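K.L.:
Enclosed is the structure file final-v3.tsv (TSV, C-alpha atoms).
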```tsv
chain	number	residue	atom	x	y	z
A	880	MET	CA	-6.53	11.31	7.78
A	881	ILE	CA	-7.54	12.59	4.36
A	882	PRO	CA	-11.27	13.38	4.27
A	883	PRO	CA	-13.49	11.62	1.72
A	884	PHE	CA	-13.26	13.56	-1.55
A	885	GLU	CA	-16.97	14.38	-1.38
A	886	THR	CA	-16.42	16.29	1.86
A	887	PHE	CA	-13.45	18.17	0.43
A	888	TYR	CA	-15.30	18.98	-2.80
A	889	GLU	CA	-18.42	20.26	-1.05
A	890	ALA	CA	-16.36	22.41	1.28
A	891	HIS	CA	-14.47	24.20	-1.50
A	892	ARG	CA	-16.44	24.05	-4.75
A	893	ALA	CA	-18.28	27.36	-4.27
A	894	GLU	CA	-15.24	29.48	-3.46
A	895	ILE	CA	-13.15	27.85	-6.17
A	896	TYR	CA	-15.85	28.56	-8.71
A	897	ARG	CA	-16.09	32.16	-7.50
A	898	PHE	CA	-12.33	32.52	-7.85
A	899	LEU	CA	-12.33	31.11	-11.39
A	900	ASP	CA	-15.34	33.15	-12.43
A	901	ARG	CA	-13.61	36.33	-11.30
A	902	ARG	CA	-10.37	35.52	-13.01
A	903	LEU	CA	-11.60	34.00	-16.25
A	904	GLY	CA	-15.22	34.99	-16.75
A	905	ARG	CA	-18.17	32.67	-16.70
A	906	ASP	CA	-17.61	31.00	-20.06
A	907	ARG	CA	-14.16	29.72	-19.20
A	908	ALA	CA	-14.75	29.25	-15.50
A	909	GLU	CA	-16.83	26.11	-15.98
A	910	ASP	CA	-14.13	24.19	-17.86
A	911	ALA	CA	-11.49	25.45	-15.44
A	912	PHE	CA	-13.65	24.34	-12.51
A	913	GLN	CA	-13.91	20.82	-13.86
A	914	GLU	CA	-10.21	20.70	-14.64
A	915	THR	CA	-9.31	21.93	-11.13
A	916	PHE	CA	-11.24	19.22	-9.36
A	917	LEU	CA	-10.22	16.49	-11.80
A	918	ARG	CA	-6.58	17.37	-11.17
A	919	ALA	CA	-7.25	17.38	-7.44
A	920	LEU	CA	-8.90	13.98	-7.75
A	921	ARG	CA	-5.89	12.57	-9.64
A	922	ALA	CA	-3.47	13.79	-7.00
A	923	TYR	CA	-5.70	13.02	-4.01
A	924	PRO	CA	-4.47	9.49	-3.20
A	925	ARG	CA	-0.90	10.77	-3.00
A	926	LEU	CA	-1.64	13.34	-0.30
A	927	GLN	CA	0.19	12.60	2.93
A	928	HIS	CA	-2.30	14.31	5.22
A	929	GLY	CA	-5.51	16.31	5.18
A	930	GLU	CA	-4.09	19.66	6.26
A	931	HIS	CA	-3.99	22.75	4.07
A	932	LEU	CA	-6.40	21.30	1.54
A	933	ARG	CA	-7.95	24.70	0.93
A	934	ALA	CA	-4.60	26.22	0.04
A	935	TRP	CA	-3.77	23.21	-2.05
A	936	VAL	CA	-6.88	23.40	-4.22
A	937	PHE	CA	-6.48	27.17	-4.66
A	938	THR	CA	-2.97	26.56	-5.92
A	939	ILE	CA	-4.28	24.08	-8.48
A	940	ALA	CA	-6.98	26.52	-9.59
A	941	ASN	CA	-4.49	29.35	-9.79
A	942	ARG	CA	-2.16	27.31	-11.97
A	943	ILE	CA	-5.02	26.51	-14.32
A	944	VAL	CA	-5.90	30.19	-14.60
A	945	VAL	CA	-2.32	31.09	-15.44
A	946	ASP	CA	-2.06	28.33	-18.04
A	947	ASP	CA	-5.40	29.27	-19.54
A	948	VAL	CA	-4.45	32.93	-19.89
A	949	ARG	CA	-1.05	32.11	-21.40
A	950	ARG	CA	-2.60	29.72	-23.86
A	951	ARG	CA	-5.23	32.11	-25.07
A	952	LYS	CA	-3.29	35.32	-25.15
A	953	PRO	CA	0.49	34.95	-25.05
A	954	GLY	CA	1.96	37.87	-23.16
A	955	GLY	CA	-1.50	39.22	-22.50
A	956	GLU	CA	-3.06	40.45	-19.33
A	957	LEU	CA	-6.10	39.11	-17.58
A	958	PRO	CA	-9.33	40.91	-18.32
A	959	GLU	CA	-10.75	43.17	-15.65
A	960	LEU	CA	-13.89	41.55	-14.40
A	961	PRO	CA	-16.76	43.12	-12.52
A	962	VAL	CA	-16.80	42.42	-8.81
A	963	GLU	CA	-20.17	41.08	-7.76
A	964	ASP	CA	-19.85	41.13	-4.02
A	965	GLY	CA	-17.65	42.99	-1.60
A	966	LEU	CA	-14.89	40.39	-1.39
A	967	PRO	CA	-11.35	41.15	-2.47
A	968	ALA	CA	-9.81	44.46	-3.09
A	969	PHE	CA	-7.39	41.96	-4.50
A	970	GLU	CA	-9.38	42.21	-7.73
A	971	ASP	CA	-7.53	45.42	-8.46
A	972	LEU	CA	-4.26	43.61	-8.06
A	973	ALA	CA	-5.16	40.46	-9.90
A	974	PRO	CA	-4.43	41.55	-13.47
A	975	LEU	CA	-1.05	42.79	-12.35
A	976	THR	CA	0.13	39.75	-10.46
A	977	ASP	CA	0.62	37.74	-13.64
A	978	GLU	CA	3.96	39.45	-14.03
A	979	LEU	CA	5.28	38.12	-10.74
A	980	PRO	CA	7.46	35.02	-10.42
A	981	PRO	CA	5.17	32.03	-9.77
A	982	LYS	CA	5.95	31.59	-6.09
A	983	GLU	CA	5.49	35.27	-5.23
A	984	ARG	CA	2.34	35.40	-7.30
A	985	ALA	CA	0.81	32.40	-5.56
A	986	ALA	CA	1.71	33.86	-2.18
A	987	VAL	CA	0.19	37.26	-3.01
A	988	VAL	CA	-2.96	35.76	-4.50
A	989	LEU	CA	-3.55	33.37	-1.63
A	990	ARG	CA	-2.72	35.92	1.07
A	991	TYR	CA	-4.51	39.01	-0.16
A	992	GLY	CA	-7.14	37.49	-2.39
A	993	TYR	CA	-8.18	34.60	-0.23
A	994	ASP	CA	-6.95	35.40	3.21
A	995	LEU	CA	-5.03	32.19	3.73
A	996	THR	CA	-2.54	32.14	6.59
A	997	TYR	CA	1.18	32.01	5.81
A	998	ASP	CA	1.17	28.57	7.30
A	999	GLU	CA	-1.41	27.42	4.73
A	1000	ILE	CA	0.35	29.23	1.92
A	1001	GLY	CA	3.65	27.60	2.82
A	1002	ALA	CA	2.01	24.20	2.59
A	1003	ALA	CA	0.40	25.09	-0.73
A	1004	ILE	CA	3.56	26.25	-2.43
A	1005	GLY	CA	5.88	23.79	-0.78
A	1006	SER	CA	7.76	26.28	1.38
A	1007	SER	CA	8.15	27.07	5.04
A	1008	THR	CA	5.81	29.55	6.71
A	1009	GLN	CA	8.65	32.04	6.80
A	1010	ALA	CA	9.42	31.59	3.09
A	1011	ALA	CA	5.74	32.09	2.26
A	1012	ARG	CA	5.70	35.34	4.23
A	1013	GLN	CA	8.82	36.51	2.42
A	1014	ALA	CA	7.41	35.55	-0.99
A	1015	ALA	CA	4.24	37.54	-0.34
A	1016	SER	CA	6.05	40.65	0.83
A	1017	ALA	CA	8.60	40.41	-1.98
A	1018	GLY	CA	5.67	40.15	-4.42
A	1019	VAL	CA	3.98	43.21	-3.00
A	1020	ARG	CA	7.26	45.19	-3.08
A	1021	ARG	CA	7.80	44.23	-6.69
A	1022	LEU	CA	4.28	45.28	-7.62
A	1023	ARG	CA	4.71	48.64	-5.92
A	1024	LYS	CA	7.98	49.24	-7.71
A	1025	GLU	CA	6.67	48.28	-11.12
A	1026	HIS	CA	3.53	50.34	-10.86
A	1027	GLU	CA	4.71	53.41	-9.05
B	1168	MET	CA	-22.49	32.56	-5.91
B	1169	THR	CA	-22.95	28.81	-5.89
B	1170	ILE	CA	-22.19	26.46	-8.72
B	1171	SER	CA	-25.00	25.42	-11.01
B	1172	PRO	CA	-26.45	21.91	-10.60
B	1173	SER	CA	-25.52	21.13	-14.19
B	1174	LEU	CA	-21.86	22.02	-13.63
B	1175	ASP	CA	-21.86	19.95	-10.46
B	1176	GLU	CA	-23.35	16.96	-12.28
B	1177	ARG	CA	-20.93	17.42	-15.16
B	1178	PHE	CA	-17.93	17.24	-12.82
B	1179	ARG	CA	-19.29	14.19	-11.01
B	1180	ALA	CA	-19.93	12.39	-14.30
B	1181	ALA	CA	-16.49	13.32	-15.65
B	1182	ALA	CA	-14.80	12.04	-12.49
B	1183	ALA	CA	-16.50	8.67	-12.89
B	1184	ALA	CA	-15.91	8.51	-16.65
B	1185	ALA	CA	-12.20	9.18	-16.13
B	1186	ASP	CA	-12.11	6.21	-13.76
B	1187	LEU	CA	-10.83	8.34	-10.91
B	1188	LEU	CA	-13.10	7.15	-8.12
B	1189	ASP	CA	-12.44	4.56	-5.43
B	1190	VAL	CA	-16.12	4.62	-4.50
B	1191	ALA	CA	-19.15	6.15	-6.21
B	1192	PHE	CA	-22.28	6.54	-4.12
B	1193	ASP	CA	-25.78	7.89	-4.48
B	1194	VAL	CA	-28.96	8.10	-2.47
B	1195	LEU	CA	-31.99	6.26	-3.82
B	1196	GLU	CA	-35.00	8.16	-2.53
B	1197	ASP	CA	-38.32	6.53	-1.77
B	1198	THR	CA	-37.68	2.85	-2.34
B	1199	PRO	CA	-40.32	0.59	-0.75
B	1200	VAL	CA	-37.97	0.25	2.24
B	1201	GLY	CA	-37.19	3.96	2.50
B	1202	SER	CA	-34.24	5.98	1.23
B	1203	LEU	CA	-31.07	3.98	0.68
B	1204	LEU	CA	-27.48	5.04	0.42
B	1205	VAL	CA	-25.81	2.80	-2.16
B	1206	ALA	CA	-22.11	2.63	-3.05
B	1207	VAL	CA	-20.09	0.80	-5.70
B	1208	THR	CA	-16.44	0.27	-6.56
B	1209	ASP	CA	-15.06	-0.90	-9.88
B	1210	ARG	CA	-15.50	-4.45	-8.53
B	1211	GLY	CA	-19.16	-4.22	-7.57
B	1212	VAL	CA	-21.55	-3.05	-4.90
B	1213	CYS	CA	-19.80	-2.36	-1.60
B	1214	ARG	CA	-22.48	-0.72	0.55
B	1215	ILE	CA	-26.21	-0.45	0.95
B	1216	SER	CA	-27.32	1.51	3.99
B	1217	PHE	CA	-30.76	2.19	5.39
B	1218	ASP	CA	-29.22	5.28	6.94
B	1219	SER	CA	-29.17	7.43	3.82
B	1220	GLU	CA	-27.29	10.36	5.36
B	1221	PRO	CA	-23.98	10.30	3.44
B	1222	GLU	CA	-22.04	11.87	6.30
B	1223	HIS	CA	-22.62	8.74	8.34
B	1224	SER	CA	-20.98	6.43	5.79
B	1225	LEU	CA	-18.37	8.37	3.85
B	1226	GLU	CA	-15.46	8.17	6.26
B	1227	GLN	CA	-15.89	4.47	6.71
B	1228	LEU	CA	-16.03	3.94	2.95
B	1229	ALA	CA	-12.90	6.06	2.53
B	1230	ARG	CA	-11.03	4.01	5.13
B	1231	ALA	CA	-12.04	0.71	3.57
B	1232	TYR	CA	-11.74	1.49	-0.14
B	1233	GLY	CA	-9.72	4.70	-0.57
B	1234	PRO	CA	-10.37	8.43	-0.12
B	1235	ARG	CA	-11.77	9.20	-3.56
B	1236	VAL	CA	-15.39	8.79	-2.54
B	1237	LEU	CA	-17.81	10.90	-4.59
B	1238	ARG	CA	-21.53	11.01	-5.22
B	1239	SER	CA	-22.07	10.13	-8.87
B	1240	SER	CA	-25.23	8.60	-10.26
B	1241	ARG	CA	-23.91	6.95	-13.39
B	1242	PRO	CA	-21.75	4.24	-11.77
B	1243	VAL	CA	-24.62	3.12	-9.51
B	1244	GLU	CA	-27.10	2.95	-12.40
B	1245	ARG	CA	-26.87	-0.80	-12.78
B	1246	LEU	CA	-27.42	-1.42	-9.08
B	1247	ARG	CA	-30.33	1.02	-9.07
B	1248	ARG	CA	-31.95	-0.88	-11.94
B	1249	GLU	CA	-31.48	-4.28	-10.30
B	1250	LEU	CA	-32.91	-3.01	-7.03
B	1251	ASP	CA	-35.92	-1.49	-8.85
B	1252	GLU	CA	-36.58	-4.83	-10.54
B	1253	TYR	CA	-36.21	-6.64	-7.23
B	1254	PHE	CA	-38.65	-4.34	-5.46
B	1255	GLU	CA	-41.12	-4.76	-8.31
B	1256	GLY	CA	-40.90	-8.54	-7.92
B	1257	ARG	CA	-39.31	-8.97	-11.34
B	1258	ARG	CA	-35.87	-10.06	-10.09
B	1259	ARG	CA	-35.00	-12.98	-7.83
B	1260	GLU	CA	-31.20	-12.80	-8.01
B	1261	PHE	CA	-28.77	-9.94	-8.28
B	1262	ASP	CA	-26.30	-10.14	-11.14
B	1263	ILE	CA	-24.08	-7.33	-9.90
B	1264	ALA	CA	-20.91	-8.48	-8.13
B	1265	THR	CA	-20.21	-7.61	-4.50
B	1266	ASP	CA	-17.06	-6.07	-3.05
B	1267	VAL	CA	-16.58	-6.87	0.64
B	1268	ARG	CA	-12.85	-6.13	0.86
B	1269	GLY	CA	-13.64	-3.85	3.78
B	1270	VAL	CA	-14.68	-6.59	6.21
B	1271	PRO	CA	-12.66	-9.21	8.15
B	1272	ASP	CA	-12.07	-12.71	6.76
B	1273	TYR	CA	-14.56	-14.43	9.02
B	1274	TYR	CA	-17.27	-12.00	7.93
B	1275	GLN	CA	-16.41	-12.66	4.31
B	1276	ARG	CA	-16.84	-16.40	4.77
B	1277	VAL	CA	-20.21	-15.98	6.44
B	1278	LEU	CA	-21.37	-13.46	3.84
B	1279	ALA	CA	-20.31	-15.80	1.03
B	1280	GLU	CA	-22.45	-18.51	2.58
B	1281	LEU	CA	-25.30	-16.06	3.11
B	1282	ALA	CA	-25.25	-15.22	-0.59
B	1283	ARG	CA	-26.37	-18.81	-1.31
B	1284	VAL	CA	-29.61	-18.52	0.64
B	1285	GLU	CA	-32.23	-18.45	-2.07
B	1286	TYR	CA	-34.97	-15.98	-2.84
B	1287	GLY	CA	-38.20	-16.74	-1.06
B	1288	SER	CA	-36.59	-19.12	1.46
B	1289	THR	CA	-35.35	-18.59	4.99
B	1290	THR	CA	-32.63	-20.17	7.09
B	1291	THR	CA	-31.58	-19.83	10.73
B	1292	TYR	CA	-28.53	-18.31	12.38
B	1293	GLY	CA	-27.53	-21.76	13.61
B	1294	ALA	CA	-27.86	-23.38	10.19
B	1295	LEU	CA	-25.78	-20.66	8.59
B	1296	ALA	CA	-23.19	-21.07	11.35
B	1297	ALA	CA	-23.06	-24.81	10.64
B	1298	ARG	CA	-22.46	-24.18	6.97
B	1299	THR	CA	-19.51	-21.93	7.78
B	1300	GLY	CA	-17.95	-24.68	9.87
B	1301	ASN	CA	-19.07	-23.99	13.44
B	1302	PRO	CA	-22.65	-24.92	14.42
B	1303	ARG	CA	-22.24	-23.22	17.79
B	1304	ALA	CA	-21.38	-19.83	16.30
B	1305	ALA	CA	-25.01	-18.73	15.83
B	1306	ARG	CA	-24.42	-15.63	17.92
B	1307	ALA	CA	-21.34	-14.65	15.92
B	1308	VAL	CA	-23.33	-15.15	12.72
B	1309	GLY	CA	-25.98	-12.86	14.18
B	1310	THR	CA	-23.35	-10.17	14.67
B	1311	VAL	CA	-22.20	-10.54	11.07
B	1312	MET	CA	-25.80	-10.22	9.86
B	1313	ASN	CA	-26.25	-7.11	11.96
B	1314	ARG	CA	-23.19	-5.52	10.36
B	1315	ASN	CA	-23.82	-6.79	6.84
B	1316	PRO	CA	-22.46	-4.01	4.60
B	1317	ILE	CA	-24.74	-4.92	1.68
B	1318	PRO	CA	-28.21	-5.83	2.98
B	1319	ILE	CA	-30.87	-6.81	0.42
B	1320	VAL	CA	-28.23	-7.96	-2.12
B	1321	LEU	CA	-26.61	-10.14	0.56
B	1322	PRO	CA	-29.91	-11.39	1.95
B	1323	CYS	CA	-29.54	-11.25	5.72
B	1324	HIS	CA	-33.31	-10.67	5.87
B	1325	ARG	CA	-33.66	-14.38	5.02
B	1326	VAL	CA	-31.97	-15.42	8.26
B	1327	ILE	CA	-34.39	-15.85	11.17
B	1328	GLY	CA	-34.48	-17.37	14.65
B	1329	ALA	CA	-34.75	-21.13	15.21
B	1330	SER	CA	-38.21	-20.57	16.71
B	1331	GLY	CA	-39.40	-18.95	13.51
B	1332	SER	CA	-39.41	-15.43	14.93
B	1333	LEU	CA	-37.84	-12.75	12.77
B	1334	THR	CA	-35.45	-11.93	15.64
B	1335	GLY	CA	-33.72	-8.74	14.44
B	1336	TYR	CA	-32.61	-6.68	11.47
B	1337	GLY	CA	-30.06	-3.91	11.06
B	1338	GLY	CA	-32.65	-1.87	9.17
B	1339	GLY	CA	-35.47	-2.60	11.62
B	1340	LEU	CA	-37.92	-5.49	11.73
B	1341	ASP	CA	-40.51	-3.69	9.58
B	1342	ARG	CA	-38.13	-3.76	6.66
B	1343	LYS	CA	-37.21	-7.40	7.22
B	1344	GLU	CA	-40.87	-8.31	7.20
B	1345	HIS	CA	-41.50	-6.24	4.08
B	1346	LEU	CA	-38.69	-8.00	2.18
B	1347	LEU	CA	-39.76	-11.48	3.26
B	1348	ARG	CA	-43.36	-10.70	2.28
B	1349	LEU	CA	-42.21	-9.36	-1.08
B	1350	GLU	CA	-40.39	-12.65	-1.70
B	1351	GLY	CA	-43.36	-14.67	-0.56
B	1352	ALA	CA	-41.38	-16.24	2.29
B	1353	ILE	CA	-44.05	-15.19	4.75
B	1354	LEU	CA	-47.69	-14.39	4.22
```
Would you write out, as C-alpha cells, the structure that this file holds?
P.N.:
Amino acid sequence: MIPPFETFYEAHRAEIYRFLDRRLGRDRAEDAFQETFLRALRAYPRLQHGEHLRAWVFTIANRIVVDDVRRRKPGGELPELPVEDGLPAFEDLAPLTDELPPKERAAVVLRYGYDLTYDEIGAAIGSSTQAARQAASAGVRRLRKEHE
Amino acid sequence: MTISPSLDERFRAAAAAADLLDVAFDVLEDTPVGSLLVAVTDRGVCRISFDSEPEHSLEQLARAYGPRVLRSSRPVERLRRELDEYFEGRRREFDIATDVRGVPDYYQRVLAELARVEYGSTTTYGALAARTGNPRAARAVGTVMNRNPIPIVLPCHRVIGASGSLTGYGGGLDRKEHLLRLEGAIL
C-alpha cells in the first residue's frame, strides 16, 4: 500500500530541504525542493509498493543537485557550505563525491550522508542489497585513492 | 531546520496547478458546524467530514481516488465559497459537481435521489427508499445516510424519521438541527 502523498511529503520534507540547503545553498534549495517533490508526485502513481520511499526521494533530490551543479558550472565542484548542526561528517566528502560514477556516488551519499541501510539504498538505485554495499565501498575506495 | 510556510504553500500550489493531484483537501476552520475536512477531485467535491483530522480520512481517500492526496487550498476554493454562502443563508443549491466514485452502486443511486431533496424541505427514510425503488429499504437508506461521504452538499440532514423526529446524523444531532434551522425547515 502506497501511503497518501501528504503523509509521505510530511515525513520527508524537512530532511530533504536540509539536504538541498547543504548541497546547494538556500537560494537554490527552494527551487530544488519544489522540483524534487513535483518529480516525486509525477512518479508516485507508478510506484509498486510503499517501501524504501525515503531512499527513493533522496535519490530524486540527489539527481536534481547533480543536474543543477552541472548546469551552472560545467566541470565545477560543489561549494563548501557551512554545517549548521552536528549531522554528517559526510559534508567533508560531499564536494568530492561528484567525481564518482553515479551509482557509487548515490550509494556513498545515501549511506554515509543519510544513514540509509544497504537494503534501502539497493531499492533506491535499483540494485540488490549486495550490489549497493559493493557500490558504496567501491566509491569510498575510489575517493581514498584519488585524494591520498 | 524546517521548511518555511511560504515554500510549503508554494509547493502545494504548484502541485495543484500542474494538475498532479488525485485529491486536494483542506480543513475549513470554524464554520457554523465546526471544523470541516473538505476534499475535491478534478470532477468535483468528493468528501466533507465533520472529523477534521486529516489522518482519519487520507488513507480512505487514497484508496478510493488514487494516492496523490495533498492538502492544497486553491482547488477547494470554489467549494469553500459555496459553503460560506450556504452558511450565510445566501445559497440554496450547490453548483459544484459531486464525485462519488468511491461508493458502491446502490449508495450512488440513493445519493442521487437524495440530491433532489430541496432546500428547506424534509423527507423520510421510507420515502427516499420508495423513490429508489424499494419502499421497505428504509433501514438501508438510513445506513447510506450515515455513511454519506459529502454531507451538507448531499443533504442527508433533510432526511428524518416518519414520526417527525430527527432520528440521527453522522455529524451529531446538534449539527442536523442547526442545518435544518438555517434552512427554515424547523423553527
K.L.:
How close does region 1171-1289 of chain B get to region 886-892 of chain A? List, as a Markdown table, each residue of region 1171-1289 of chain B within 10 Å, its nearest atom pair and the distance in Å to one decimal, counting all atoms listed in the file.
P.N.:
```
| residue | atom | partner | partner_atom | distance |
| --- | --- | --- | --- | --- |
| B:Asp1175 | CA | A:Arg892 | CA | 8.9 |
| B:Pro1221 | CA | A:Thr886 | CA | 9.8 |
| B:Glu1222 | CA | A:Thr886 | CA | 8.4 |
| B:Leu1225 | CA | A:Thr886 | CA | 8.4 |
| B:Glu1226 | CA | A:Thr886 | CA | 9.3 |
| B:Arg1235 | CA | A:Phe887 | CA | 10.0 |
| B:Val1236 | CA | A:Thr886 | CA | 8.8 |
| B:Leu1237 | CA | A:Thr886 | CA | 8.5 |
```
K.L.:
Please provide as a list of chain:residue names all residues within 7 Å of Val1212 (chain B), with the sequence filter that same-chain residues fewer than 5 positions apart are discarded (counting all atoms listed in the file).
P.N.:
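That gives B:Ala1206, B:Val1207, B:Ala1264, B:Thr1265, B:Asp1266.
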K.L.:
Could you tell me how far CA of Tyr997 (chain A) sits from CA of Gln1009 (chain A), in Å to one decimal place?
P.N.:
7.5 Å
K.L.:
Find the residues near Arg1303 (chain B): any atom within 9 Å, counting all atoms listed in the file, skip ones fewer than 6 places away on the same chain, and give them as a list in words.
P.N.:
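Counting only the stated atoms, we get Gly1293, Ala1296 and Ala1297 of chain B.
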K.L.:
Quote the spacing between CA of Gly1269 (chain B) and CA of Asp1186 (chain B) in Å to one decimal place.
P.N.:
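Computing it gives 20.3 Å between the two atoms.
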K.L.:
Fewer than 3 positions away in the same chain doesn't count, so skip those; otherwise give me all residues within 6 Å of Ala940 (chain A), counting all atoms listed in the file, as a list in words.
P.N.:
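Counting all atoms listed in the file, the residues come to Thr915, Phe937 and Ile943 of chain A.
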K.L.:
Quick one: which residues from chain B are at most 12 Å off chain A, using all atoms listed in the file, as a PyMOL selection string?
P.N.:
chain B and resi 1168-1193+1221-1239
K.L.:
Hey, can you check how far CA of Gly1001 (chain A) sits from CA of Arg907 (chain A)?
P.N.:
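So the two atoms, CA of Gly1001 (chain A) and CA of Arg907 (chain A), lie 28.4 Å apart.
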K.L.:
Leaving out region 1014-1025 of chain A and any residue of its chain fewer than 2 positions from it, which residues lie within 10 Å of it when counting all atoms listed in the file, given as an MDAnalysis selection string?
P.N.:
chainID A and resid 972 975:976 978:991 997 1000:1001 1006 1008:1012 1027
K.L.:
So, counting only C-alpha atoms, which residue among A:Leu995, A:Leu899, A:Ile1004, A:Val945 is closest to Arg933 (chain A)?
P.N.:
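Once distances to Arg933 (chain A) are computed over only C-alpha atoms, the minimum belongs to A:Leu995.
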K.L.:
Using only C-alpha atoms, can you list as a PyMOL selection string the residues within 10 Å of (-27.6, -0.2, 10.4)?
P.N.:
chain B and resi 1215-1218+1313-1316+1318+1336-1339
K.L.:
May I have the residues within 12 Å of Gly1351 (chain B) as an MDAnalysis selection string, using all atoms listed in the file and disregarding those fewer than 2 positions away in the same chain?
P.N.:
chainID B and resid 1256 1259 1285:1289 1325 1344:1349 1353:1354
K.L.:
List every protein, DNA or RNA residue with an atom no more than 10 Å from (-21.6, -23.1, 5.4) in the file's coordinates, counting only C-alpha atoms, and format the result as a ChimeraX atom specification.
P.N.:
/B:1276-1281,1283,1294-1302
K.L.:
Using all atoms listed in the file, pick whichever of A:His928, A:Thr996, A:Ala911, A:Arg905 has the shortest atom-to-atom distance to Arg942 (chain A).
P.N.:
A:Ala911
K.L.:
Counting all atoms listed in the file, figure out which residue out of A:Ser1007, A:Phe898, A:Asp994, A:Asp977 gets nearest to Arg949 (chain A).
P.N.:
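Nearest to Arg949 (chain A): A:Asp977.
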K.L.:
Once N, CA and C atoms are restored for region 987-1001 of chain A, what would the output be as an mmCIF file, in the coordinates of the input?
P.N.:
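The result, stored in result.cif:
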```
data_model
loop_
_atom_site.group_PDB
_atom_site.id
_atom_site.type_symbol
_atom_site.label_atom_id
_atom_site.label_comp_id
_atom_site.auth_asym_id
_atom_site.auth_seq_id
_atom_site.Cartn_x
_atom_site.Cartn_y
_atom_site.Cartn_z
ATOM 1 N N VAL A 987 0.995 36.030 -3.037
ATOM 2 C CA VAL A 987 0.190 37.260 -3.010
ATOM 3 C C VAL A 987 -1.292 36.943 -3.213
ATOM 4 N N VAL A 988 -1.565 36.100 -4.197
ATOM 5 C CA VAL A 988 -2.960 35.760 -4.500
ATOM 6 C C VAL A 988 -3.623 35.084 -3.308
ATOM 7 N N LEU A 989 -2.930 34.132 -2.726
ATOM 8 C CA LEU A 989 -3.550 33.370 -1.630
ATOM 9 C C LEU A 989 -3.660 34.220 -0.354
ATOM 10 N N ARG A 990 -2.674 35.106 -0.151
ATOM 11 C CA ARG A 990 -2.720 35.920 1.070
ATOM 12 C C ARG A 990 -3.756 37.032 0.959
ATOM 13 N N TYR A 991 -3.665 37.809 -0.108
ATOM 14 C CA TYR A 991 -4.510 39.010 -0.160
ATOM 15 C C TYR A 991 -5.836 38.756 -0.863
ATOM 16 N N GLY A 992 -5.869 37.778 -1.732
ATOM 17 C CA GLY A 992 -7.140 37.490 -2.390
ATOM 18 C C GLY A 992 -8.004 36.571 -1.568
ATOM 19 N N TYR A 993 -7.374 35.626 -0.882
ATOM 20 C CA TYR A 993 -8.180 34.600 -0.230
ATOM 21 C C TYR A 993 -7.884 34.417 1.235
ATOM 22 N N ASP A 994 -7.073 35.324 1.773
ATOM 23 C CA ASP A 994 -6.950 35.400 3.210
ATOM 24 C C ASP A 994 -6.465 34.100 3.853
ATOM 25 N N LEU A 995 -5.626 33.373 3.122
ATOM 26 C CA LEU A 995 -5.030 32.190 3.730
ATOM 27 C C LEU A 995 -3.907 32.628 4.670
ATOM 28 N N THR A 996 -3.654 31.825 5.694
ATOM 29 C CA THR A 996 -2.540 32.140 6.590
ATOM 30 C C THR A 996 -1.223 31.771 5.898
ATOM 31 N N TYR A 997 -0.126 32.326 6.405
ATOM 32 C CA TYR A 997 1.180 32.010 5.810
ATOM 33 C C TYR A 997 1.505 30.531 5.995
ATOM 34 N N ASP A 998 0.995 29.998 7.058
ATOM 35 C CA ASP A 998 1.170 28.570 7.300
ATOM 36 C C ASP A 998 0.533 27.758 6.163
ATOM 37 N N GLU A 999 -0.701 28.110 5.810
ATOM 38 C CA GLU A 999 -1.410 27.420 4.730
ATOM 39 C C GLU A 999 -0.729 27.659 3.388
ATOM 40 N N ILE A 1000 -0.292 28.894 3.187
ATOM 41 C CA ILE A 1000 0.350 29.230 1.920
ATOM 42 C C ILE A 1000 1.650 28.447 1.762
ATOM 43 N N GLY A 1001 2.392 28.361 2.856
ATOM 44 C CA GLY A 1001 3.650 27.600 2.820
ATOM 45 C C GLY A 1001 3.393 26.168 2.371
#
```
